[in-house]
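**Student:** Data: work-v7.pdb, PDB, C-alpha atoms and all ligand atoms.
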MODEL        1
ATOM      1  CA  MET A   1    -108.625  24.146  98.747
ATOM      2  CA  TYR A   2    -108.300  27.429  96.826
ATOM      3  CA  VAL A   3    -108.911  26.915  93.109
ATOM      4  CA  PHE A   4    -108.033  29.355  90.328
ATOM      5  CA  GLU A   5    -110.403  28.071  87.711
ATOM      6  CA  ASN A   6    -108.711  27.129  84.427
ATOM      7  CA  ARG A   7    -105.308  28.458  85.547
ATOM      8  CA  PHE A   8    -103.681  25.383  83.975
ATOM      9  CA  ALA A   9    -106.273  24.647  81.273
ATOM     10  CA  GLY A  10    -104.562  23.092  78.250
ATOM     11  CA  LYS A  11    -101.345  22.440  80.200
ATOM     12  CA  THR A  12     -99.776  19.057  80.882
ATOM     13  CA  MET A  13     -98.075  18.804  84.269
ATOM     14  CA  LEU A  14     -95.839  16.022  85.572
ATOM     15  CA  ILE A  15     -95.705  15.561  89.364
ATOM     16  CA  THR A  16     -93.287  13.008  90.870
ATOM     17  CA  GLY A  17     -94.068  11.518  94.265
ATOM     18  CA  GLY A  18     -97.685  12.289  93.374
ATOM     19  CA  THR A  19     -99.220   9.470  95.411
ATOM     20  CA  SER A  20     -98.756  10.991  98.876
ATOM     21  CA  GLY A  21     -98.373  14.180 100.902
ATOM     22  CA  ILE A  22     -97.399  17.397  99.114
ATOM     23  CA  GLY A  23     -97.240  15.684  95.708
ATOM     24  CA  LYS A  24    -100.740  14.232  95.996
ATOM     25  CA  ALA A  25    -102.162  17.599  97.117
ATOM     26  CA  ALA A  26    -100.425  19.213  94.116
ATOM     27  CA  CYS A  27    -101.977  16.636  91.747
ATOM     28  CA  LEU A  28    -105.482  17.279  93.105
ATOM     29  CA  ARG A  29    -105.263  21.071  92.925
ATOM     30  CA  ALA A  30    -103.499  21.205  89.534
ATOM     31  CA  ALA A  31    -106.203  18.946  88.074
ATOM     32  CA  ALA A  32    -108.938  21.079  89.665
ATOM     33  CA  GLU A  33    -107.325  24.072  87.932
ATOM     34  CA  GLY A  34    -107.500  22.384  84.524
ATOM     35  CA  ALA A  35    -104.147  20.612  84.098
ATOM     36  CA  PHE A  36    -103.782  17.171  82.591
ATOM     37  CA  VAL A  37    -101.747  15.626  85.415
ATOM     38  CA  VAL A  38     -99.130  12.905  84.971
ATOM     39  CA  VAL A  39     -98.977  11.330  88.439
ATOM     40  CA  VAL A  40     -95.633   9.578  88.948
ATOM     41  CA  GLY A  41     -94.801   7.259  91.847
ATOM     42  CA  ARG A  42     -93.746   3.728  92.675
ATOM     43  CA  ASN A  43     -97.015   2.345  94.009
ATOM     44  CA  ALA A  44     -99.541   1.668  91.221
ATOM     45  CA  GLU A  45    -102.470   1.133  93.598
ATOM     46  CA  ARG A  46    -101.951   4.478  95.360
ATOM     47  CA  GLY A  47    -101.270   6.190  92.027
ATOM     48  CA  GLN A  48    -104.465   4.858  90.491
ATOM     49  CA  ALA A  49    -106.403   6.004  93.583
ATOM     50  CA  VAL A  50    -105.163   9.573  92.992
ATOM     51  CA  VAL A  51    -106.134   9.364  89.310
ATOM     52  CA  ASP A  52    -109.578   7.974  90.232
ATOM     53  CA  GLU A  53    -110.152  10.836  92.691
ATOM     54  CA  ILE A  54    -109.185  13.394  90.022
ATOM     55  CA  VAL A  55    -111.398  11.798  87.370
ATOM     56  CA  GLN A  56    -114.351  11.546  89.789
ATOM     57  CA  LYS A  57    -114.086  15.297  90.304
ATOM     58  CA  GLY A  58    -114.097  15.921  86.541
ATOM     59  CA  GLY A  59    -110.331  16.269  86.039
ATOM     60  CA  LYS A  60    -107.844  14.526  83.765
ATOM     61  CA  ALA A  61    -104.857  12.450  84.880
ATOM     62  CA  ILE A  62    -102.800   9.343  84.196
ATOM     63  CA  PHE A  63    -100.575   7.340  86.561
ATOM     64  CA  LEU A  64     -97.169   6.171  85.359
ATOM     65  CA  ALA A  65     -94.913   4.118  87.626
ATOM     66  CA  ALA A  66     -91.221   4.871  88.078
ATOM     67  CA  ASP A  67     -88.548   4.710  90.742
ATOM     68  CA  VAL A  68     -86.726   8.030  90.204
ATOM     69  CA  THR A  69     -83.459   6.672  91.650
ATOM     70  CA  ARG A  70     -83.083   4.351  88.642
ATOM     71  CA  GLU A  71     -81.762   6.173  85.588
ATOM     72  CA  GLU A  72     -83.085   3.600  83.118
ATOM     73  CA  ALA A  73     -86.517   3.637  84.807
ATOM     74  CA  VAL A  74     -86.674   7.441  84.438
ATOM     75  CA  GLN A  75     -85.708   7.183  80.764
ATOM     76  CA  ALA A  76     -88.413   4.549  80.257
ATOM     77  CA  LEU A  77     -90.911   6.811  82.079
ATOM     78  CA  PHE A  78     -90.225   9.702  79.714
ATOM     79  CA  ALA A  79     -90.431   7.418  76.663
ATOM     80  CA  GLU A  80     -93.847   6.340  77.975
ATOM     81  CA  ILE A  81     -94.857   9.985  78.444
ATOM     82  CA  ASP A  82     -93.768  10.739  74.838
ATOM     83  CA  ALA A  83     -95.858   7.822  73.573
ATOM     84  CA  LYS A  84     -98.971   8.116  75.739
ATOM     85  CA  VAL A  85     -99.221  11.783  76.794
ATOM     86  CA  GLY A  86     -97.178  14.077  74.554
ATOM     87  CA  PRO A  87     -95.257  17.234  75.502
ATOM     88  CA  LEU A  88     -95.011  18.515  79.063
ATOM     89  CA  ASP A  89     -95.576  22.190  79.874
ATOM     90  CA  ILE A  90     -94.751  21.953  83.578
ATOM     91  CA  ALA A  91     -92.790  19.527  85.778
ATOM     92  CA  ILE A  92     -92.871  19.343  89.570
ATOM     93  CA  ASN A  93     -89.979  17.223  90.866
ATOM     94  CA  ASN A  94     -91.213  16.407  94.349
ATOM     95  CA  ALA A  95     -90.337  12.758  95.168
ATOM     96  CA  GLY A  96     -88.081  12.636  98.197
ATOM     97  CA  VAL A  97     -87.153  10.790 101.366
ATOM     98  CA  VAL A  98     -85.984  11.957 104.791
ATOM     99  CA  GLY A  99     -83.048  10.565 106.813
ATOM    100  CA  HIS A 100     -83.184   8.601 110.065
ATOM    101  CA  GLY A 101     -81.394  11.078 112.340
ATOM    102  CA  GLU A 102     -77.834   9.779 112.257
ATOM    103  CA  ARG A 103     -75.053  12.069 113.469
ATOM    104  CA  ILE A 104     -72.317  12.489 110.808
ATOM    105  CA  ASP A 105     -69.878  10.188 112.632
ATOM    106  CA  GLU A 106     -72.418   7.349 112.622
ATOM    107  CA  MET A 107     -73.815   7.853 109.085
ATOM    108  CA  PRO A 108     -73.803   4.538 107.171
ATOM    109  CA  THR A 109     -72.759   4.845 103.516
ATOM    110  CA  GLU A 110     -75.929   2.983 102.446
ATOM    111  CA  GLU A 111     -78.094   5.570 104.213
ATOM    112  CA  TRP A 112     -76.113   8.465 102.704
ATOM    113  CA  ASN A 113     -76.572   6.928  99.241
ATOM    114  CA  ARG A 114     -80.297   6.243  99.780
ATOM    115  CA  VAL A 115     -81.000   9.901 100.546
ATOM    116  CA  ILE A 116     -78.683  11.363  97.879
ATOM    117  CA  ASN A 117     -79.902   8.893  95.235
ATOM    118  CA  THR A 118     -83.525   9.902  95.754
ATOM    119  CA  ASN A 119     -83.382  13.586  96.618
ATOM    120  CA  LEU A 120     -80.564  14.600  94.285
ATOM    121  CA  ASN A 121     -79.923  11.986  91.591
ATOM    122  CA  GLY A 122     -83.665  11.338  91.186
ATOM    123  CA  ILE A 123     -84.288  15.038  90.555
ATOM    124  CA  PHE A 124     -81.306  15.231  88.161
ATOM    125  CA  PHE A 125     -82.508  12.233  86.118
ATOM    126  CA  CYS A 126     -85.986  13.777  85.798
ATOM    127  CA  CYS A 127     -84.772  17.349  85.143
ATOM    128  CA  ARG A 128     -82.490  16.200  82.327
ATOM    129  CA  GLU A 129     -85.341  14.440  80.505
ATOM    130  CA  GLU A 130     -87.722  17.354  81.103
ATOM    131  CA  ALA A 131     -85.170  19.883  79.818
ATOM    132  CA  LYS A 132     -84.397  17.824  76.686
ATOM    133  CA  ARG A 133     -88.041  17.705  75.730
ATOM    134  CA  MET A 134     -88.914  21.302  76.613
ATOM    135  CA  ILE A 135     -85.887  22.576  74.628
ATOM    136  CA  ALA A 136     -86.743  20.399  71.608
ATOM    137  CA  ARG A 137     -90.360  21.562  71.612
ATOM    138  CA  GLY A 138     -89.348  25.230  71.686
ATOM    139  CA  GLN A 139     -92.337  26.541  73.639
ATOM    140  CA  GLY A 140     -90.715  27.256  76.998
ATOM    141  CA  GLY A 141     -91.846  25.634  80.225
ATOM    142  CA  ALA A 142     -91.691  25.707  84.000
ATOM    143  CA  ILE A 143     -89.908  23.332  86.367
ATOM    144  CA  VAL A 144     -90.356  23.419  90.149
ATOM    145  CA  ASN A 145     -88.104  21.328  92.375
ATOM    146  CA  VAL A 146     -89.118  20.531  95.931
ATOM    147  CA  GLY A 147     -86.219  21.310  98.263
ATOM    148  CA  SER A 148     -86.495  21.904 102.008
ATOM    149  CA  VAL A 149     -85.683  24.511 104.614
ATOM    150  CA  THR A 150     -82.689  22.208 105.145
ATOM    151  CA  GLY A 151     -81.633  23.238 101.644
ATOM    152  CA  LEU A 152     -81.242  26.787 102.960
ATOM    153  CA  THR A 153     -79.698  26.171 106.384
ATOM    154  CA  GLY A 154     -78.166  23.361 108.443
ATOM    155  CA  PHE A 155     -80.154  20.969 110.600
ATOM    156  CA  TYR A 156     -79.282  18.607 113.431
ATOM    157  CA  ARG A 157     -78.517  14.924 112.650
ATOM    158  CA  SER A 158     -79.474  15.363 109.004
ATOM    159  CA  SER A 159     -76.229  15.605 107.015
ATOM    160  CA  ALA A 160     -77.348  13.526 104.007
ATOM    161  CA  TYR A 161     -80.723  15.275 103.828
ATOM    162  CA  VAL A 162     -79.221  18.771 104.279
ATOM    163  CA  THR A 163     -76.606  18.029 101.606
ATOM    164  CA  SER A 164     -79.182  16.640  99.169
ATOM    165  CA  LYS A 165     -81.506  19.620  99.589
ATOM    166  CA  HIS A 166     -78.719  22.230  99.304
ATOM    167  CA  ALA A 167     -77.790  20.417  96.086
ATOM    168  CA  VAL A 168     -81.392  20.670  94.856
ATOM    169  CA  ASN A 169     -81.175  24.444  95.246
ATOM    170  CA  GLY A 170     -77.777  24.520  93.518
ATOM    171  CA  LEU A 171     -79.132  22.426  90.646
ATOM    172  CA  THR A 172     -82.173  24.702  90.424
ATOM    173  CA  LYS A 173     -80.007  27.828  90.034
ATOM    174  CA  ALA A 174     -77.635  26.113  87.567
ATOM    175  CA  MET A 175     -80.567  24.890  85.462
ATOM    176  CA  ALA A 176     -82.174  28.342  85.497
ATOM    177  CA  ASN A 177     -78.971  29.607  83.824
ATOM    178  CA  ASP A 178     -78.887  26.796  81.253
ATOM    179  CA  LEU A 179     -82.564  26.974  80.378
ATOM    180  CA  ALA A 180     -83.341  30.730  80.410
ATOM    181  CA  PRO A 181     -82.376  31.034  76.703
ATOM    182  CA  PHE A 182     -85.216  28.600  75.996
ATOM    183  CA  ASN A 183     -87.752  30.468  78.180
ATOM    184  CA  ILE A 184     -87.831  27.561  80.617
ATOM    185  CA  ARG A 185     -88.060  28.803  84.217
ATOM    186  CA  VAL A 186     -86.666  26.708  87.082
ATOM    187  CA  ASN A 187     -87.408  27.417  90.743
ATOM    188  CA  SER A 188     -87.649  25.511  94.012
ATOM    189  CA  VAL A 189     -89.808  25.584  97.116
ATOM    190  CA  ASN A 190     -88.226  24.925 100.498
ATOM    191  CA  PRO A 191     -90.790  23.709 103.037
ATOM    192  CA  ALA A 192     -90.339  23.536 106.766
ATOM    193  CA  ASN A 193     -92.190  20.837 108.693
ATOM    194  CA  THR A 194     -95.324  19.924 106.727
ATOM    195  CA  ALA A 195     -97.977  17.506 107.923
ATOM    196  CA  THR A 196     -97.618  14.530 105.552
ATOM    197  CA  PRO A 197     -97.130  10.736 105.840
ATOM    198  CA  LEU A 198     -93.359  11.389 105.630
ATOM    199  CA  THR A 199     -93.319  13.537 108.776
ATOM    200  CA  ALA A 200     -95.803  11.253 110.564
ATOM    201  CA  ALA A 201     -93.476   8.254 110.029
ATOM    202  CA  SER A 202     -90.457  10.309 111.052
ATOM    203  CA  ALA A 203     -92.198  11.580 114.223
ATOM    204  CA  GLN A 204     -93.102   8.016 115.184
ATOM    205  CA  GLU A 205     -89.501   6.886 114.704
ATOM    206  CA  ILE A 206     -88.272   9.846 116.817
ATOM    207  CA  GLN A 207     -90.746   9.047 119.631
ATOM    208  CA  GLN A 208     -89.592   5.402 119.687
ATOM    209  CA  LYS A 209     -85.944   6.510 119.932
ATOM    210  CA  ILE A 210     -86.758   8.944 122.756
ATOM    211  CA  GLN A 211     -88.671   6.283 124.702
ATOM    212  CA  ALA A 212     -85.834   3.761 124.252
ATOM    213  CA  ALA A 213     -83.228   6.299 125.417
ATOM    214  CA  MET A 214     -85.342   7.257 128.460
ATOM    215  CA  ALA A 215     -85.910   3.579 129.289
ATOM    216  CA  ALA A 216     -82.104   3.298 129.290
ATOM    217  CA  GLY A 217     -81.928   6.039 131.942
ATOM    218  CA  LYS A 218     -81.461   9.229 129.870
ATOM    219  CA  SER A 219     -83.284  12.486 130.661
ATOM    220  CA  LEU A 220     -85.823  13.833 128.132
ATOM    221  CA  GLU A 221     -83.315  16.450 126.938
ATOM    222  CA  GLU A 222     -80.567  13.849 126.545
ATOM    223  CA  ALA A 223     -82.970  11.519 124.746
ATOM    224  CA  LYS A 224     -84.133  14.276 122.362
ATOM    225  CA  ALA A 225     -80.494  15.121 121.604
ATOM    226  CA  GLU A 226     -80.162  11.655 120.066
ATOM    227  CA  THR A 227     -82.820  12.513 117.479
ATOM    228  CA  MET A 228     -83.322  15.110 114.733
ATOM    229  CA  ILE A 229     -85.523  17.221 117.021
ATOM    230  CA  GLY A 230     -82.663  17.768 119.459
ATOM    231  CA  GLY A 231     -81.587  20.814 117.455
ATOM    232  CA  LYS A 232     -82.960  24.311 116.929
ATOM    233  CA  THR A 233     -86.260  24.732 115.044
ATOM    234  CA  THR A 234     -87.459  28.248 114.513
ATOM    235  CA  ALA A 235     -90.461  28.490 112.177
ATOM    236  CA  LEU A 236     -91.620  31.989 113.131
ATOM    237  CA  LEU A 237     -95.241  31.002 112.560
ATOM    238  CA  LYS A 238     -94.895  28.401 115.372
ATOM    239  CA  ARG A 239     -96.805  25.655 113.581
ATOM    240  CA  SER A 240     -96.398  23.110 110.822
ATOM    241  CA  SER A 241     -97.370  23.871 107.248
ATOM    242  CA  THR A 242    -100.222  22.100 105.525
ATOM    243  CA  PRO A 243     -99.477  20.306 102.244
ATOM    244  CA  GLU A 244    -101.924  22.721 100.586
ATOM    245  CA  GLU A 245     -99.867  25.751 101.716
ATOM    246  CA  GLN A 246     -96.812  24.239 100.013
ATOM    247  CA  VAL A 247     -98.874  23.511  96.912
ATOM    248  CA  GLY A 248     -99.989  27.159  96.777
ATOM    249  CA  ALA A 249     -96.341  28.213  96.377
ATOM    250  CA  ILE A 250     -95.448  25.355  93.991
ATOM    251  CA  LEU A 251     -98.318  26.126  91.625
ATOM    252  CA  TYR A 252     -97.650  29.872  91.752
ATOM    253  CA  LEU A 253     -94.066  29.194  90.565
ATOM    254  CA  ALA A 254     -95.428  26.831  87.897
ATOM    255  CA  SER A 255     -97.944  29.406  86.649
ATOM    256  CA  ASP A 256     -97.670  32.313  84.222
ATOM    257  CA  ASP A 257     -98.056  34.673  87.217
ATOM    258  CA  ALA A 258     -94.408  33.814  87.969
ATOM    259  CA  GLY A 259     -93.376  34.568  84.373
ATOM    260  CA  TYR A 260     -90.402  36.722  85.471
ATOM    261  CA  VAL A 261     -89.274  34.422  88.307
ATOM    262  CA  THR A 262     -86.446  31.950  87.710
ATOM    263  CA  GLY A 263     -83.530  30.528  89.705
ATOM    264  CA  VAL A 264     -85.259  31.271  93.016
ATOM    265  CA  PRO A 265     -85.039  29.030  96.065
ATOM    266  CA  PHE A 266     -88.405  30.099  97.550
ATOM    267  CA  ALA A 267     -88.444  29.789 101.364
ATOM    268  CA  THR A 268     -91.839  28.256 102.166
ATOM    269  CA  ASP A 269     -90.589  27.762 105.708
ATOM    270  CA  GLY A 270     -92.909  29.747 107.976
ATOM    271  CA  GLY A 271     -90.177  32.366 108.411
ATOM    272  CA  TRP A 272     -87.553  29.891 109.676
ATOM    273  CA  THR A 273     -84.682  31.360 107.644
ATOM    274  CA  ALA A 274     -85.734  34.935 108.491
ATOM    275  CA  TYR A 275     -84.932  34.291 112.159
TER     276      TYR A 275
HETATM  277  N1  LIG B 301     -93.170  17.022 104.898
HETATM  278  C1  LIG B 301     -92.207  17.852 105.246
HETATM  279  O1  LIG B 301     -92.118  18.317 106.416
HETATM  280  C2  LIG B 301     -91.186  18.293 104.246
HETATM  281  C3  LIG B 301     -90.308  19.333 104.612
HETATM  282  C4  LIG B 301     -89.347  19.742 103.702
HETATM  283  C5  LIG B 301     -89.279  19.151 102.453
HETATM  284  N2  LIG B 301     -90.134  18.152 102.127
HETATM  285  C6  LIG B 301     -89.999  17.538 100.796
HETATM  286  O2  LIG B 301     -91.246  17.489 100.175
HETATM  287  C7  LIG B 301     -91.264  16.408  99.250
HETATM  288  C8  LIG B 301     -92.535  15.605  99.460
HETATM  289  O3  LIG B 301     -92.513  15.072 100.779
HETATM  290  P1  LIG B 301     -93.823  14.667 101.587
HETATM  291  O4  LIG B 301     -93.674  15.217 102.946
HETATM  292  O5  LIG B 301     -95.039  14.930 100.787
HETATM  293  O6  LIG B 301     -93.541  13.095 101.721
HETATM  294  P2  LIG B 301     -94.377  11.795 101.342
HETATM  295  O7  LIG B 301     -93.582  10.637 101.834
HETATM  296  O8  LIG B 301     -95.796  11.928 101.786
HETATM  297  O9  LIG B 301     -94.334  11.852  99.760
HETATM  298  C9  LIG B 301     -93.141  11.617  99.050
HETATM  299  C10 LIG B 301     -93.489  10.863  97.803
HETATM  300  O10 LIG B 301     -92.287  10.594  97.077
HETATM  301  C11 LIG B 301     -92.329   9.240  96.666
HETATM  302  N3  LIG B 301     -90.994   8.702  96.447
HETATM  303  C12 LIG B 301     -90.009   8.536  97.371
HETATM  304  N4  LIG B 301     -88.956   7.942  96.796
HETATM  305  C13 LIG B 301     -89.293   7.745  95.482
HETATM  306  C14 LIG B 301     -88.630   7.164  94.383
HETATM  307  N5  LIG B 301     -87.410   6.646  94.512
HETATM  308  N6  LIG B 301     -89.260   7.141  93.195
HETATM  309  C15 LIG B 301     -90.499   7.651  93.053
HETATM  310  N7  LIG B 301     -91.181   8.209  94.065
HETATM  311  C16 LIG B 301     -90.587   8.228  95.264
HETATM  312  C17 LIG B 301     -93.013   8.521  97.829
HETATM  313  O11 LIG B 301     -93.469   7.243  97.464
HETATM  314  C18 LIG B 301     -94.133   9.511  98.121
HETATM  315  O12 LIG B 301     -95.212   9.304  97.236
HETATM  316  C19 LIG B 301     -89.971  15.620  99.492
HETATM  317  O13 LIG B 301     -89.015  15.979  98.508
HETATM  318  C20 LIG B 301     -89.535  16.091 100.861
HETATM  319  O14 LIG B 301     -88.136  15.999 101.040
HETATM  320  C21 LIG B 301     -91.086  17.709 102.994
ENDMDL
END
Produce structure tokens that represent the structure in this file.
Ligand SMILES: NC(=O)c1ccc[n+]([C@@H]2O[C@H](COP(=O)([O-])OP(=O)(O)OC[C@H]3O[C@@H](n4cnc5c(N)ncnc54)[C@H](O)[C@@H]3O)[C@@H](O)[C@H]2O)c1

**Tutor:**
Amino acid sequence: MYVFENRFAGKTMLITGGTSGIGKAACLRAAAEGAFVVVVGRNAERGQAVVDEIVQKGGKAIFLAADVTREEAVQALFAEIDAKVGPLDIAINNAGVVGHGERIDEMPTEEWNRVINTNLNGIFFCCREEAKRMIARGQGGAIVNVGSVTGLTGFYRSSAYVTSKHAVNGLTKAMANDLAPFNIRVNSVNPANTATPLTAASAQEIQQKIQAAMAAGKSLEEAKAETMIGGKTTALLKRSSTPEEQVGAILYLASDDAGYVTGVPFATDGGWTAY
């Protein structure tokens, strides 16, 4: 892990989905760089484990539980932050879920809502509370939303996910306009495939679908076409990203080094959208 010592000293940083994957890696590095980290997630045991790891290494953090899809839970979370932590300098809205590979004609409404509620409404609920507080405090701020390469281009059997992540980038640009007068910068990162528990679970589900389709007499190509990986994937770097590589971009956008950067959907996609 690269560490810029004291880059975030004296700063308070909220990270949603901080108990796993990219969010957890962001919590660990931000704390190592001096931030007081507010780790947000649904699972208290996993959240406390992240806090314990940070504290053991000499950092400062607190875990607060919230399901970002529930508006009243997000409002309660921010009331708790006001009471227990104080003002936020930086917010990383990272919590998200991936779809199950349905083609548009077979997309159940419940699945559409699950993905949109988490990846879009969850970010909106958090962004609104963050913006209110940063505006009222009058000292600027930085917000980084975690989108996806599928927020920059289409992807096979992923209509809810693609829609939610395009919306994250739209929201990011709209918020950059609203918040620039208050010196609050808003950007997004847009990862391609990154090795996290989310992609491990998704890969397992895809393998099971392929095996079932082949057991039913389909060829490998036909079986793959029934999953998300049946489409085109073109990361120019020909490998997955590490969570830490995504965190490098997230924390750059959160830092003063990106002081003149706002409204940018940053393609952290291994060159995918340059193809
Ligand atoms: N891993 C990838 O390949 C990849 C690619 C593109 C974008 N992303 C995005 O990166 C972000 C992080 O993903 P990851 O790969 O680290 O996944 P992950 O599953 O390891 O972590 C996601 C975290 O979000 C939390 N979360 C999910 N729903 C929540 C809710 N309703 N309330 C609170 N927390 C919730 C999960 O519990 C988990 O801690 C997501 O927004 C994802 O869409 C990931």

**Student:** Give the residue list for ligand LIG 301 (chain B) at 6 Å, counting only C-alpha atoms and all ligand atoms, as a PyMOL selection string, sorted by chain and then by residue number.

**Tutor:** chain A and resi 17-23+41-42+66-69+94-98+118+146-148+191-199

**Student:** From the set A:Ala216, A:Ile135, A:Met107, A:Ala160, which residue has the shortest atom-to-atom contact distance to Ile184 in chain A, counting only C-alpha atoms?

**Tutor:**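 Answer, going by the shortest atom-to-atom distance: A:Ile135.
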
**Student:** Expand the PyMOL selection byres (((chain A and resi 156) around 6) and not hetatm) into the explicit residue set it covers here, and present it as a PyMOL selection string.

**Tutor:** chain A and resi 155+157-158+228+231

**Student:** Give the answer as one residue: which of A:Met214, A:Cys126, A:Ala225, A:Ala174 has the shortest atom-to-atom distance to Glu71 in chain A, using only C-alpha atoms?

**Tutor:** A:Cys126

**Student:** Using all atoms listed in the file for the distances, tell me which of A:Ala44, A:Val115, A:Ile92, A:Ala203 is nearest to Ser159 in chain A.

**Tutor:**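 Of A:Ala44, A:Val115, A:Ile92, A:Ala203, the one nearest Ser159 in chain A, counting all atoms listed in the file, is A:Val115.
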
**Student:** Which polymer residues, whether protein, DNA or RNA, lie within 12 Å of the coordinate (-98.2, 25.2, 90.2) when you count only C-alpha atoms? List them as a PyMOL selection string, using the chain letters and numbers from the file.

**Tutor:** chain A and resi 3-4+7-8+11-15+22-23+25-35+37+89-94+141-146+187-189+244-258

**Student:** Kindly give the distance, in Å, that separates CA of Val40 in chain A and CA of Gln75 in chain A, rounded to a single decimal.

**Tutor:** 13.1 Å

**Student:** Report, in Å with one decimal, the straight-line distance from CA of Glu45 in chain A to CA of Ile62 in chain A.

**Tutor:**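 Computing it gives 12.5 Å between the two atoms.
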
**Student:** Find the smallest box with edges along x, y and z containing every listed atom of range 6-23 of chain A, then add 6 Å on each side and report centre and edge lengths in Å to one decimal, as JSON.

**Tutor:**
{"center_x": -101.0, "center_y": 19.0, "center_z": 89.6, "size_x": 27.4, "size_y": 31.0, "size_z": 34.7}

**Student:** Within 8 Å of (-99.2, 7.5, 84.3), in the coordinates the file gives, what residues turn up when you count all atoms listed in the file, written out as a VMD selection string?

**Tutor:** chain A and resid 38 to 40 61 to 65 81

**Student:** Which one of A:Glu106, A:Leu237, A:Val186, A:Gly58 sits closest to Lys173 in chain A if you count all atoms listed in the file?

**Tutor:**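 So, comparing all the options, the nearest one is A:Val186.
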
**Student:** Could you jot down the CA of Pro243 in chain A to CA of Gln48 in chain A separation for me, Å, one decimal place?

**Tutor:**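 Interatomic distance, CA of Pro243 in chain A to CA of Gln48 in chain A: 20.0 Å.
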
**Student:** Counting all atoms listed in the file, which of A:Tyr260, A:Trp112, A:Tyr2, A:Tyr275 gets nearest to Lys232 in chain A?

**Tutor:**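 Residue with the minimum atom-to-atom distance to Lys232 in chain A: A:Tyr275.
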
**Student:** If you count all atoms listed in the file, which residues fall within 12 Å of Ala131 in chain A, apart from same-chain ones fewer than 2 positions away, as a PDB file with C-alpha atoms, in the frame of the given file?

**Tutor:**
ATOM      1  CA  PHE A  78     -90.225   9.702  79.714  1.00  0.00           C
ATOM      2  CA  PRO A  87     -95.257  17.234  75.502  1.00  0.00           C
ATOM      3  CA  LEU A  88     -95.011  18.515  79.063  1.00  0.00           C
ATOM      4  CA  ASP A  89     -95.576  22.190  79.874  1.00  0.00           C
ATOM      5  CA  ILE A  90     -94.751  21.953  83.578  1.00  0.00           C
ATOM      6  CA  ALA A  91     -92.790  19.527  85.778  1.00  0.00           C
ATOM      7  CA  ILE A 123     -84.288  15.038  90.555  1.00  0.00           C
ATOM      8  CA  PHE A 124     -81.306  15.231  88.161  1.00  0.00           C
ATOM      9  CA  PHE A 125     -82.508  12.233  86.118  1.00  0.00           C
ATOM     10  CA  CYS A 126     -85.986  13.777  85.798  1.00  0.00           C
ATOM     11  CA  CYS A 127     -84.772  17.349  85.143  1.00  0.00           C
ATOM     12  CA  ARG A 128     -82.490  16.200  82.327  1.00  0.00           C
ATOM     13  CA  GLU A 129     -85.341  14.440  80.505  1.00  0.00           C
ATOM     14  CA  ARG A 133     -88.041  17.705  75.730  1.00  0.00           C
ATOM     15  CA  MET A 134     -88.914  21.302  76.613  1.00  0.00           C
ATOM     16  CA  ILE A 135     -85.887  22.576  74.628  1.00  0.00           C
ATOM     17  CA  ALA A 136     -86.743  20.399  71.608  1.00  0.00           C
ATOM     18  CA  ARG A 137     -90.360  21.562  71.612  1.00  0.00           C
ATOM     19  CA  GLY A 138     -89.348  25.230  71.686  1.00  0.00           C
ATOM     20  CA  GLN A 139     -92.337  26.541  73.639  1.00  0.00           C
ATOM     21  CA  GLY A 140     -90.715  27.256  76.998  1.00  0.00           C
ATOM     22  CA  GLY A 141     -91.846  25.634  80.225  1.00  0.00           C
ATOM     23  CA  ALA A 142     -91.691  25.707  84.000  1.00  0.00           C
ATOM     24  CA  ILE A 143     -89.908  23.332  86.367  1.00  0.00           C
ATOM     25  CA  MET A 175     -80.567  24.890  85.462  1.00  0.00           C
ATOM     26  CA  ALA A 176     -82.174  28.342  85.497  1.00  0.00           C
ATOM     27  CA  ASP A 178     -78.887  26.796  81.253  1.00  0.00           C
ATOM     28  CA  LEU A 179     -82.564  26.974  80.378  1.00  0.00           C
ATOM     29  CA  ALA A 180     -83.341  30.730  80.410  1.00  0.00           C
ATOM     30  CA  PRO A 181     -82.376  31.034  76.703  1.00  0.00           C
ATOM     31  CA  PHE A 182     -85.216  28.600  75.996  1.00  0.00           C
ATOM     32  CA  ASN A 183     -87.752  30.468  78.180  1.00  0.00           C
ATOM     33  CA  ILE A 184     -87.831  27.561  80.617  1.00  0.00           C
ATOM     34  CA  ARG A 185     -88.060  28.803  84.217  1.00  0.00           C
ATOM     35  CA  VAL A 186     -86.666  26.708  87.082  1.00  0.00           C
TER      36      VAL A 186
END

**Student:** Taking into account only C-alpha atoms, which residue in the set A:Arg103, A:Lys84, A:Lys60, A:Arg239 is nearest to Phe36 in chain A?

**Tutor:**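 Using only C-alpha atoms, the shortest distance to Phe36 in chain A belongs to A:Lys60.
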
**Student:** Residues near Glu111 in chain A, anyone? I mean within 10 Å using only C-alpha atoms, not counting same-chain ones fewer than 6 positions away, as a ChimeraX atom specification.

**Tutor:** /A:99-100,102,117,160

**Student:** Okay, now the selection with C-alpha atoms, as a PDB file, in the coordinates of the input?

**Tutor:**
ATOM      1  CA  GLY A  99     -83.048  10.565 106.813  1.00  0.00           C
ATOM      2  CA  HIS A 100     -83.184   8.601 110.065  1.00  0.00           C
ATOM      3  CA  GLU A 102     -77.834   9.779 112.257  1.00  0.00           C
ATOM      4  CA  ASN A 117     -79.902   8.893  95.235  1.00  0.00           C
ATOM      5  CA  ALA A 160     -77.348  13.526 104.007  1.00  0.00           C
TER       6      ALA A 160
END

**Student:** Tell me which residues the PyMOL selection byres (((chain A and resi 162) around 9) and not hetatm) grabs here, as a PyMOL selection string.

**Tutor:** chain A and resi 148-155+158-161+163-167
